[in-house]
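Source file: run.txt (compact mmCIF, C-alpha atoms and all ligand atoms)
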# COMPACT_ATOMS: atom_id res chain seq x y z
CA MET X 1 0.00 0.00 0.00
CA GLN X 2 1.67 3.20 -1.09
CA LEU X 3 -0.70 6.15 -1.54
CA ASP X 4 0.79 9.63 -1.48
CA TYR X 5 -0.91 12.56 0.29
CA ASP X 6 -2.99 13.54 -2.75
CA GLY X 7 -4.09 9.96 -3.36
CA ILE X 8 -5.26 9.67 0.23
CA VAL X 9 -7.12 12.99 0.25
CA GLN X 10 -8.83 12.30 -3.09
CA ARG X 11 -10.21 9.05 -1.71
CA TYR X 12 -11.40 10.77 1.48
CA GLU X 13 -13.24 13.34 -0.62
CA LYS X 14 -14.79 10.68 -2.78
CA TYR X 15 -15.67 8.05 -0.17
CA ILE X 16 -15.80 9.43 3.37
CA PHE X 17 -18.53 11.52 5.03
CA ASN X 18 -17.54 15.13 5.22
CA THR X 19 -18.01 15.48 8.99
CA TYR X 20 -14.52 16.59 10.10
CA THR X 21 -12.38 19.65 9.51
CA ARG X 22 -9.03 17.99 8.85
CA GLN X 23 -5.52 19.39 8.93
CA PRO X 24 -3.73 18.95 5.58
CA ILE X 25 -1.35 16.17 6.61
CA ALA X 26 -1.64 12.38 6.45
CA ILE X 27 -0.02 10.54 9.33
CA LYS X 28 1.94 7.39 8.61
CA SER X 29 3.55 6.48 11.90
CA ALA X 30 4.10 7.70 15.44
CA ARG X 31 6.29 6.96 18.43
CA GLY X 32 6.21 8.62 21.85
CA ALA X 33 5.31 12.27 21.37
CA VAL X 34 6.30 12.45 17.71
CA VAL X 35 4.09 11.69 14.72
CA THR X 36 5.40 11.40 11.18
CA ASP X 37 3.49 12.15 8.00
CA VAL X 38 3.59 10.29 4.68
CA ASN X 39 6.30 12.66 3.44
CA GLY X 40 8.54 11.79 6.36
CA LYS X 41 8.06 15.09 8.18
CA GLY X 42 7.96 14.74 11.99
CA TYR X 43 5.77 16.75 14.38
CA ILE X 44 5.81 17.17 18.14
CA ASP X 45 2.33 16.08 19.13
CA CYS X 46 0.58 18.28 21.69
CA VAL X 47 -2.80 16.80 20.74
CA ALA X 48 -2.21 13.08 21.41
CA GLY X 49 -5.35 11.98 19.59
CA ILE X 50 -7.21 14.44 21.86
CA ALA X 51 -6.04 13.20 25.24
CA VAL X 52 -5.90 9.58 24.08
CA ASN X 53 -2.22 8.69 23.77
CA ASN X 54 -1.32 9.37 27.41
CA VAL X 55 1.45 6.74 27.39
CA GLY X 56 2.76 8.05 24.06
CA HIS X 57 2.16 6.66 20.60
CA CYS X 58 2.81 2.96 20.07
CA HIS X 59 4.21 2.41 23.55
CA PRO X 60 6.27 -0.82 23.24
CA SER X 61 4.48 -2.48 26.19
CA VAL X 62 1.05 -1.74 24.73
CA VAL X 63 2.18 -2.89 21.28
CA GLU X 64 3.56 -6.10 22.76
CA ALA X 65 0.37 -6.77 24.76
CA ILE X 66 -1.79 -6.26 21.67
CA LYS X 67 0.43 -8.54 19.58
CA ARG X 68 0.42 -11.29 22.18
CA GLN X 69 -3.31 -11.07 22.80
CA ALA X 70 -4.11 -10.98 19.07
CA GLU X 71 -2.36 -14.29 18.62
CA GLU X 72 -4.36 -15.95 21.39
CA LEU X 73 -7.86 -14.43 21.36
CA ILE X 74 -9.20 -11.24 19.77
CA HIS X 75 -12.92 -11.38 20.40
CA VAL X 76 -15.59 -13.51 21.92
CA SER X 77 -19.13 -12.50 22.78
CA ASN X 78 -20.13 -11.29 26.23
CA LEU X 79 -22.07 -14.56 26.30
CA TYR X 80 -18.79 -15.93 27.72
CA TYR X 81 -16.18 -15.05 30.35
CA THR X 82 -12.59 -13.96 29.66
CA GLU X 83 -9.68 -13.50 32.02
CA GLN X 84 -8.77 -10.13 30.49
CA GLN X 85 -12.12 -8.56 31.37
CA ALA X 86 -11.97 -9.91 34.92
CA VAL X 87 -8.46 -8.55 35.50
CA LEU X 88 -9.21 -5.14 33.99
CA ALA X 89 -12.46 -4.72 35.94
CA GLU X 90 -10.68 -5.37 39.24
CA GLU X 91 -7.96 -2.89 38.27
CA LEU X 92 -10.47 -0.18 37.31
CA VAL X 93 -12.45 -0.57 40.52
CA GLU X 94 -9.23 -0.12 42.49
CA LEU X 95 -8.20 2.95 40.50
CA THR X 96 -11.56 4.72 40.55
CA GLY X 97 -13.03 3.75 43.93
CA MET X 98 -16.21 2.75 42.11
CA GLU X 99 -17.65 -0.76 42.52
CA LYS X 100 -18.96 -2.10 39.21
CA VAL X 101 -17.85 -1.76 35.60
CA PHE X 102 -19.70 -1.88 32.29
CA PHE X 103 -17.32 -2.07 29.32
CA CYS X 104 -17.95 -0.30 26.04
CA ASN X 105 -16.02 1.21 23.12
CA SER X 106 -16.14 4.99 23.29
CA GLY X 107 -16.90 8.02 25.40
CA ALA X 108 -20.35 8.59 23.97
CA GLU X 109 -21.23 4.96 24.58
CA ALA X 110 -20.12 5.23 28.20
CA VAL X 111 -22.31 8.32 28.59
CA GLU X 112 -25.29 6.55 27.01
CA GLY X 113 -24.90 3.75 29.54
CA ALA X 114 -24.72 6.28 32.37
CA LEU X 115 -27.91 8.04 31.26
CA LYS X 116 -29.83 4.80 30.90
CA LEU X 117 -28.64 3.59 34.30
CA ALA X 118 -29.52 6.90 35.97
CA ARG X 119 -33.02 6.79 34.52
CA LYS X 120 -33.57 3.19 35.58
CA ALA X 121 -32.16 3.78 39.06
CA SER X 122 -34.12 6.97 39.72
CA GLY X 123 -37.31 6.34 37.78
CA ARG X 124 -37.00 9.93 36.53
CA LYS X 125 -36.26 11.26 33.06
CA GLU X 126 -34.49 14.58 32.96
CA PHE X 127 -30.84 15.57 33.32
CA ILE X 128 -29.13 18.73 34.42
CA ALA X 129 -26.01 19.49 32.38
CA THR X 130 -23.77 22.53 32.17
CA GLU X 131 -23.15 25.30 29.69
CA ASN X 132 -20.21 24.47 27.38
CA ALA X 133 -20.44 20.78 28.33
CA PHE X 134 -19.40 18.14 25.82
CA HIS X 135 -20.52 14.55 26.33
CA GLY X 136 -20.56 13.07 22.82
CA ARG X 137 -22.60 12.89 19.61
CA THR X 138 -25.01 9.99 19.99
CA MET X 139 -28.63 10.91 20.74
CA GLY X 140 -28.50 10.66 24.53
CA ALA X 141 -25.05 12.19 24.89
CA LEU X 142 -26.01 14.91 22.42
CA SER X 143 -29.00 15.86 24.58
CA ILE X 144 -26.62 17.02 27.31
CA THR X 145 -23.99 18.54 24.99
CA TYR X 146 -24.27 22.30 25.14
CA LYS X 147 -23.52 23.66 21.68
CA GLU X 148 -26.79 24.43 19.96
CA LYS X 149 -25.19 23.96 16.55
CA TYR X 150 -24.52 20.30 17.41
CA ARG X 151 -28.01 19.68 18.87
CA LYS X 152 -30.55 21.69 16.90
CA PRO X 153 -30.73 19.65 13.66
CA PHE X 154 -31.33 16.43 15.61
CA GLU X 155 -34.16 17.42 17.92
CA PRO X 156 -36.25 16.12 19.59
CA LEU X 157 -33.61 14.85 22.01
CA ALA X 158 -33.88 13.62 25.59
CA PRO X 159 -35.07 16.28 28.06
CA ALA X 160 -32.23 18.26 29.63
CA VAL X 161 -31.60 21.67 31.11
CA PHE X 162 -28.33 23.57 31.00
CA VAL X 163 -27.06 25.66 33.88
CA PRO X 164 -23.85 27.73 34.09
CA TYR X 165 -20.75 25.65 34.90
CA ASN X 166 -19.07 26.33 38.24
CA ASP X 167 -22.31 27.51 39.80
CA ALA X 168 -23.67 24.97 42.30
CA GLY X 169 -26.60 27.23 43.21
CA ALA X 170 -27.82 27.09 39.62
CA ILE X 171 -27.99 23.30 39.89
CA ARG X 172 -30.00 23.51 43.11
CA ALA X 173 -32.44 25.89 41.44
CA ALA X 174 -32.86 23.65 38.38
CA ILE X 175 -33.75 20.44 40.25
CA HIS X 176 -37.40 19.39 40.14
CA GLU X 177 -39.45 16.23 40.62
CA ASN X 178 -38.45 14.75 37.26
CA THR X 179 -34.67 15.29 37.61
CA ALA X 180 -32.75 12.00 37.37
CA GLY X 181 -29.29 13.40 37.81
CA VAL X 182 -26.59 15.95 37.19
CA ILE X 183 -23.82 15.24 34.69
CA LEU X 184 -20.55 17.17 34.74
CA GLU X 185 -17.00 17.10 33.48
CA PRO X 186 -14.70 17.71 36.49
CA ILE X 187 -12.71 19.94 34.13
CA GLN X 188 -14.43 20.90 30.89
CA GLY X 189 -12.39 19.82 27.86
CA GLU X 190 -14.03 20.72 24.54
CA GLY X 191 -15.65 23.69 26.24
CA GLY X 192 -12.22 25.32 26.49
CA VAL X 193 -10.33 23.65 29.38
CA ILE X 194 -12.46 25.23 32.10
CA VAL X 195 -11.28 24.47 35.65
CA PRO X 196 -14.01 25.04 38.26
CA SER X 197 -13.37 26.48 41.71
CA ASP X 198 -12.02 24.05 44.33
CA ASP X 199 -15.30 23.57 46.21
CA TYR X 200 -17.65 23.33 43.20
CA LEU X 201 -17.86 19.53 42.97
CA LYS X 202 -18.20 19.20 46.74
CA GLU X 203 -21.13 21.60 46.75
CA VAL X 204 -22.75 19.79 43.83
CA ARG X 205 -22.30 16.47 45.66
CA GLU X 206 -23.99 17.90 48.76
CA ILE X 207 -26.90 19.24 46.73
CA CYS X 208 -27.36 15.90 44.96
CA ASP X 209 -27.37 14.05 48.30
CA GLU X 210 -29.80 16.48 49.85
CA LYS X 211 -32.20 16.28 46.89
CA GLY X 212 -31.75 12.55 46.27
CA ILE X 213 -30.50 12.82 42.69
CA LEU X 214 -27.56 11.12 41.03
CA LEU X 215 -24.19 12.68 40.27
CA ILE X 216 -22.52 11.49 37.07
CA LEU X 217 -18.93 12.56 36.47
CA ASP X 218 -17.80 12.41 32.86
CA GLU X 219 -14.08 11.60 33.00
CA VAL X 220 -13.84 10.55 29.37
CA GLN X 221 -11.15 13.17 28.77
CA THR X 222 -9.78 13.74 32.28
CA GLY X 223 -9.08 10.10 33.17
CA PHE X 224 -5.89 8.03 33.33
CA GLY X 225 -3.49 10.65 34.65
CA ARG X 226 -4.36 13.47 32.30
CA THR X 227 -4.88 16.09 35.03
CA GLY X 228 -2.13 15.00 37.42
CA LYS X 229 -4.38 12.50 39.25
CA TRP X 230 -5.58 9.12 38.05
CA PHE X 231 -9.04 10.68 37.79
CA ALA X 232 -9.81 14.37 38.09
CA LYS X 233 -12.40 13.77 40.81
CA GLU X 234 -9.45 13.23 43.18
CA HIS X 235 -8.69 16.97 43.06
CA SER X 236 -11.93 17.53 44.98
CA GLY X 237 -12.28 14.24 46.88
CA VAL X 238 -15.81 13.87 45.51
CA GLU X 239 -17.17 10.42 44.65
CA PRO X 240 -19.84 10.29 41.95
CA ASP X 241 -22.63 7.72 41.74
CA ILE X 242 -21.68 6.99 38.14
CA LEU X 243 -18.41 7.65 36.33
CA THR X 244 -17.69 7.51 32.60
CA THR X 245 -14.28 7.18 31.03
CA ALA X 246 -12.79 6.31 27.65
CA LYS X 247 -10.23 8.29 25.66
CA ALA X 248 -6.88 7.27 27.21
CA MET X 249 -8.16 3.98 28.57
CA GLY X 250 -6.75 1.61 25.95
CA GLY X 251 -3.43 3.33 25.21
CA GLY X 252 -4.84 4.30 21.80
CA PHE X 253 -7.04 1.24 21.38
CA PRO X 254 -10.76 2.20 21.30
CA MET X 255 -12.30 1.47 24.66
CA GLY X 256 -14.64 2.97 27.22
CA ALA X 257 -16.24 2.13 30.53
CA MET X 258 -19.15 3.20 32.69
CA LEU X 259 -18.66 2.59 36.40
CA ALA X 260 -21.09 2.88 39.29
CA CYS X 261 -21.51 2.18 42.97
CA GLU X 262 -22.94 -1.20 43.78
CA ASP X 263 -26.44 -0.07 44.79
CA ILE X 264 -26.85 2.01 41.62
CA ALA X 265 -25.36 -0.69 39.37
CA ALA X 266 -27.82 -3.20 40.84
CA ASN X 267 -30.60 -1.44 38.90
CA PHE X 268 -29.24 -2.87 35.66
CA GLY X 269 -30.33 -6.45 35.28
CA ARG X 270 -29.76 -8.98 32.51
CA GLY X 271 -30.70 -7.50 29.15
CA ASP X 272 -30.90 -3.91 30.38
CA HIS X 273 -27.76 -2.93 28.53
CA ALA X 274 -25.21 -4.55 26.22
CA SER X 275 -22.42 -3.96 23.73
CA THR X 276 -21.14 -6.56 21.28
CA PHE X 277 -17.53 -5.39 21.36
CA GLY X 278 -17.59 -4.02 24.92
CA GLY X 279 -14.59 -5.30 26.84
CA ASN X 280 -13.34 -7.64 24.16
CA ALA X 281 -10.15 -9.49 24.98
CA LEU X 282 -7.90 -7.42 22.71
CA ALA X 283 -9.19 -4.08 24.05
CA CYS X 284 -8.87 -5.28 27.65
CA ALA X 285 -5.32 -6.53 27.08
CA ALA X 286 -4.39 -3.12 25.65
CA ALA X 287 -5.98 -1.33 28.62
CA ILE X 288 -4.26 -3.58 31.17
CA ALA X 289 -0.87 -2.90 29.57
CA ASN X 290 -1.69 0.82 29.35
CA ILE X 291 -2.51 1.07 33.07
CA ASP X 292 0.64 -0.87 33.88
CA VAL X 293 2.75 1.65 31.91
CA ILE X 294 1.09 4.62 33.65
CA LYS X 295 2.00 3.03 37.01
CA LYS X 296 5.53 1.87 36.16
CA GLU X 297 6.55 5.12 34.49
CA LYS X 298 4.86 7.19 37.22
CA LEU X 299 3.04 9.18 34.56
CA VAL X 300 0.41 10.60 36.91
CA ARG X 301 3.06 12.49 38.86
CA ARG X 302 4.84 13.36 35.65
CA SER X 303 1.60 14.84 34.32
CA GLU X 304 1.36 17.10 37.35
CA GLU X 305 5.01 18.18 37.15
CA LEU X 306 5.12 18.73 33.40
CA GLY X 307 1.76 20.51 33.52
CA ASN X 308 3.12 23.01 36.00
CA TYR X 309 6.26 23.35 33.88
CA LEU X 310 4.23 23.95 30.71
CA ILE X 311 2.03 26.56 32.37
CA GLN X 312 5.16 28.34 33.62
CA LYS X 313 6.68 28.33 30.12
CA LEU X 314 3.45 29.62 28.57
CA GLU X 315 3.20 32.34 31.22
CA SER X 316 6.61 33.59 30.15
CA LEU X 317 5.48 34.19 26.55
CA ASN X 318 4.62 37.60 25.21
CA LYS X 319 1.13 38.26 26.60
CA ASN X 320 -0.20 40.39 23.74
CA TYR X 321 -2.93 38.01 22.67
CA VAL X 322 -3.15 35.89 25.81
CA LYS X 323 -6.28 36.23 27.96
CA GLU X 324 -5.76 33.35 30.37
CA ILE X 325 -3.68 30.22 30.89
CA ARG X 326 -5.33 27.49 32.95
CA GLY X 327 -5.39 23.76 33.54
CA LYS X 328 -4.39 20.88 35.74
CA GLY X 329 -1.65 18.41 34.92
CA LEU X 330 -1.08 18.09 31.19
CA MET X 331 -4.54 19.39 30.35
CA VAL X 332 -3.77 23.02 29.69
CA GLY X 333 -5.68 25.71 27.86
CA MET X 334 -4.39 29.06 26.66
CA GLU X 335 -7.27 31.36 25.90
CA LEU X 336 -6.46 34.01 23.33
CA SER X 337 -8.13 37.26 22.41
CA ILE X 338 -7.98 36.12 18.76
CA LYS X 339 -9.09 32.95 16.99
CA CYS X 340 -6.38 30.30 17.14
CA GLU X 341 -6.84 28.58 13.78
CA ASP X 342 -3.97 30.44 12.08
CA ILE X 343 -1.66 29.66 14.98
CA VAL X 344 -2.50 25.97 14.71
CA ASN X 345 -1.72 26.08 10.98
CA ARG X 346 1.59 27.89 11.38
CA ALA X 347 2.67 25.65 14.26
CA ARG X 348 1.99 22.59 12.14
CA GLU X 349 4.10 23.98 9.31
CA MET X 350 6.85 24.49 11.89
CA GLY X 351 6.55 20.90 13.15
CA VAL X 352 4.22 21.17 16.14
CA LEU X 353 0.66 19.81 16.33
CA LEU X 354 -1.66 21.94 18.44
CA ASN X 355 -5.40 21.81 18.92
CA CYS X 356 -7.82 24.69 19.05
CA THR X 357 -11.09 24.33 20.94
CA SER X 358 -13.94 26.80 21.39
CA GLU X 359 -12.36 28.89 18.59
CA SER X 360 -9.90 30.82 20.74
CA VAL X 361 -8.47 28.30 23.22
CA LEU X 362 -5.23 26.49 22.40
CA ARG X 363 -5.57 23.14 24.15
CA PHE X 364 -2.40 21.28 25.14
CA VAL X 365 -3.03 17.59 25.87
CA PRO X 366 0.29 15.96 24.84
CA PRO X 367 1.38 12.44 25.78
CA LEU X 368 2.29 12.34 29.48
CA THR X 369 5.61 10.89 28.32
CA ILE X 370 6.56 14.03 26.38
CA THR X 371 10.02 15.35 27.31
CA LYS X 372 10.81 18.83 28.61
CA GLU X 373 12.86 19.40 25.46
CA GLN X 374 9.86 18.59 23.28
CA LEU X 375 7.65 20.92 25.35
CA ASN X 376 10.33 23.63 25.09
CA LYS X 377 10.35 23.21 21.32
CA ALA X 378 6.56 23.50 21.14
CA VAL X 379 6.56 26.64 23.28
CA SER X 380 9.41 28.23 21.33
CA VAL X 381 7.51 27.66 18.08
CA LEU X 382 4.52 29.36 19.67
CA ASP X 383 6.77 32.19 20.82
CA GLU X 384 8.06 32.67 17.28
CA ILE X 385 4.53 32.69 15.86
C1 LIG I 1 -14.48 13.06 23.89
C2 LIG I 1 -15.49 13.15 24.95
C3 LIG I 1 -16.69 12.40 24.89
C4 LIG I 1 -17.06 11.57 23.68
O1 LIG I 1 -16.19 10.52 23.47
P1 LIG I 1 -16.23 9.74 22.06
O2 LIG I 1 -15.27 8.60 22.29
O3 LIG I 1 -15.78 10.69 21.02
O4 LIG I 1 -17.61 9.28 21.87
C5 LIG I 1 -17.55 12.45 25.97
N1 LIG I 1 -17.27 13.19 27.05
C6 LIG I 1 -16.14 13.92 27.15
C7 LIG I 1 -15.88 14.72 28.38
C8 LIG I 1 -15.22 13.93 26.10
O5 LIG I 1 -14.12 14.69 26.18
Let me see whether you can do it: turn the structure in this file into structure tokens.
Amino acid sequence: MQLDYDGIVQRYEKYIFNTYTRQPIAIKSARGAVVTDVNGKGYIDCVAGIAVNNVGHCHPSVVEAIKRQAEELIHVSNLYYTEQQAVLAEELVELTGMEKVFFCNSGAEAVEGALKLARKASGRKEFIATENAFHGRTMGALSITYKEKYRKPFEPLAPAVFVPYNDAGAIRAAIHENTAGVILEPIQGEGGVIVPSDDYLKEVREICDEKGILLILDEVQTGFGRTGKWFAKEHSGVEPDILTTAKAMGGGFPMGAMLACEDIAANFGRGDHASTFGGNALACAAAIANIDVIKKEKLVRRSEELGNYLIQKLESLNKNYVKEIRGKGLMVGMELSIKCEDIVNRAREMGVLLNCTSESVLRFVPPLTITKEQLNKAVSVLDEI
């Protein structure tokens, strides 16, 4: 197989739905924090598949685990048991402090499971979500995703109300007799890397307990060390009733999970929910190896340290167009007073991949394995731009 860039793009235009705005490069390979395009040009990757490649691209331990597992067993139905699922479930329960796991394949699918479970457990229908929230593109997840542009063409969706993020009082005021639960990102990702005040989640937890409604934390983006903790909920000490995660879970292999406390999980009986591929042996083997790498290479602490380092470096840049720099661990946003699209384009030409979210926020979510030298290079390119 040897298509050049034009050959690839022509086929995309001819055969693939036009649902993404793509950067004009085709990636051929990647290792650590560097991706290489089909012309052999290398880029320092500050996007990491959008907070997916936390252990770096093609981490040798993950590659090895996938190879070994693929030779033994790739997939069997959830009609049967596998060792990989058992081992991973135990590991996840230990890491999250939750009690039961449902395996799936993506963030949106984890959120769908959470919404169904919350409805079944509460007997109520409506959700409270937050302004600028992003929870995915399937019908249920879309109902609680804030951007009107994403939602409007697909209505009617599930009933939901949006309240300002980082305002616990607004949640209290929005609760009524049909409210099933509140769903939140502990740090908003797509919404522009918005870090709430320290006591926000605690207050929301108290309100949910007082009113008898469920708290769902969406850690699809913030999980697996991204924010300098295994899960971002640890920054506040708050335990949700239901937790969703996905992106970095499989070390690049597609995988997601919905976790819950025992008494909530007990509301799902046989046949209430299912996923053909959910927790297949290959995905579980990748996730087990991924978690092992995060532990062995102490990437959670590294995320915290490098995040602080990156924020410091960004703070030292010329502040002309910079409104705010914020984040936790290696989930950092730099809000500009201008749109960031041109900066993303120029950085790419200069060998650095950056992501722009909410039009004017440069989002840095590099592999947690990125080196200081690579971060320095990325920041110096930004400085030059
Ligand atoms: C990316 C994301 C999702 C959706 O995940 P997909 O795997 O794209 O379906 C949901 N919630 C949050 C917080 C996300 O960042």
So which residues touch stretch 59-67 of chain X within 10 Å, counting only C-alpha atoms, skipping near sequence neighbours fewer than 4 positions away, as a compact mmCIF listing (two decimals) with C-alpha atoms, keeping the file's coordinate frame?
# COMPACT_ATOMS: atom_id res chain seq x y z
CA ALA X 30 4.10 7.70 15.44
CA ARG X 31 6.29 6.96 18.43
CA GLY X 32 6.21 8.62 21.85
CA ASN X 53 -2.22 8.69 23.77
CA ASN X 54 -1.32 9.37 27.41
CA VAL X 55 1.45 6.74 27.39
CA GLU X 71 -2.36 -14.29 18.62
CA GLU X 72 -4.36 -15.95 21.39
CA ILE X 74 -9.20 -11.24 19.77
CA GLY X 250 -6.75 1.61 25.95
CA GLY X 251 -3.43 3.33 25.21
CA GLY X 252 -4.84 4.30 21.80
CA PHE X 253 -7.04 1.24 21.38
CA ALA X 281 -10.15 -9.49 24.98
CA LEU X 282 -7.90 -7.42 22.71
CA ALA X 283 -9.19 -4.08 24.05
CA CYS X 284 -8.87 -5.28 27.65
CA ALA X 285 -5.32 -6.53 27.08
CA ALA X 286 -4.39 -3.12 25.65
CA ALA X 287 -5.98 -1.33 28.62
CA ILE X 288 -4.26 -3.58 31.17
CA ALA X 289 -0.87 -2.90 29.57
CA ASN X 290 -1.69 0.82 29.35
CA ILE X 291 -2.51 1.07 33.07
CA ASP X 292 0.64 -0.87 33.88
CA VAL X 293 2.75 1.65 31.91
CA THR X 369 5.61 10.89 28.32
I need the residue nearest X:Arg205 from this list: X:Lys28, X:Arg172, X:Lys328, X:Arg137. Use all atoms listed in the file for the distance.
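The answer is X:Arg172, which sits nearest to X:Arg205.
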Surroundings of ligand LIG 1 (chain I) up to 10 Å, based on all atoms listed in the file, as a PyMOL selection string:
chain X and resi 50-52+105-112+133-138+141-142+145+184-191+217-223+244-248+254-256
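For the set X:Cys104, X:Val379, X:Ile183, X:Ala89, the residue with the smallest atom-to-atom gap to X:Phe127 is X:Ile183, counting all atoms listed in the file.
Between X:Glu359 and the candidates X:Arg11, X:Lys339, X:Lys296, X:Lys125, the tightest atom-to-atom separation, counting only C-alpha atoms, involves X:Lys339.
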How big is the axis-aligned box around the listed atoms of stretch 261-269 of chain X once 8 Å is added on each side, and where is its centre? Give both in Å to one decimal, as AutoDock Vina command-line options.
--center_x -26.1 --center_y -2.1 --center_z 40.0 --size_x 25.1 --size_y 24.6 --size_z 25.5
Long-range neighbours of X:Met331 as a PyMOL selection string, 8 Å cut-off, all atoms listed in the file, 3 positions minimum in chain:
chain X and resi 193+222+226-227+307+327-328+363-365
Need the shell around X:Ser360: protein/DNA/RNA residues with any atom at most 10 Å away, counting all atoms listed in the file. Skip same-chain ones fewer than 2 positions apart. Format as a PDB file with C-alpha atoms, in the frame of the given file?
ATOM      1  CA  GLY X 192     -12.220  25.320  26.490  1.00  0.00           C
ATOM      2  CA  VAL X 322      -3.150  35.890  25.810  1.00  0.00           C
ATOM      3  CA  LYS X 323      -6.280  36.230  27.960  1.00  0.00           C
ATOM      4  CA  GLY X 333      -5.680  25.710  27.860  1.00  0.00           C
ATOM      5  CA  MET X 334      -4.390  29.060  26.660  1.00  0.00           C
ATOM      6  CA  GLU X 335      -7.270  31.360  25.900  1.00  0.00           C
ATOM      7  CA  LEU X 336      -6.460  34.010  23.330  1.00  0.00           C
ATOM      8  CA  SER X 337      -8.130  37.260  22.410  1.00  0.00           C
ATOM      9  CA  ILE X 338      -7.980  36.120  18.760  1.00  0.00           C
ATOM     10  CA  LYS X 339      -9.090  32.950  16.990  1.00  0.00           C
ATOM     11  CA  CYS X 340      -6.380  30.300  17.140  1.00  0.00           C
ATOM     12  CA  GLU X 341      -6.840  28.580  13.780  1.00  0.00           C
ATOM     13  CA  CYS X 356      -7.820  24.690  19.050  1.00  0.00           C
ATOM     14  CA  THR X 357     -11.090  24.330  20.940  1.00  0.00           C
ATOM     15  CA  SER X 358     -13.940  26.800  21.390  1.00  0.00           C
ATOM     16  CA  LEU X 362      -5.230  26.490  22.400  1.00  0.00           C
ATOM     17  CA  ARG X 363      -5.570  23.140  24.150  1.00  0.00           C
TER      18      ARG X 363
END
Judged by only C-alpha atoms, the minimum distance to X:Asp199 among X:Ile175, X:Ala129, X:Leu3, X:Ala168 is found for X:Ala168
Nearest residue to X:Ala274 from the set X:Arg68, X:Lys372, X:Lys116, X:Lys100 (distances using all atoms listed in the file):
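Among the listed residues, the smallest separation from X:Ala274 belongs to X:Lys116.
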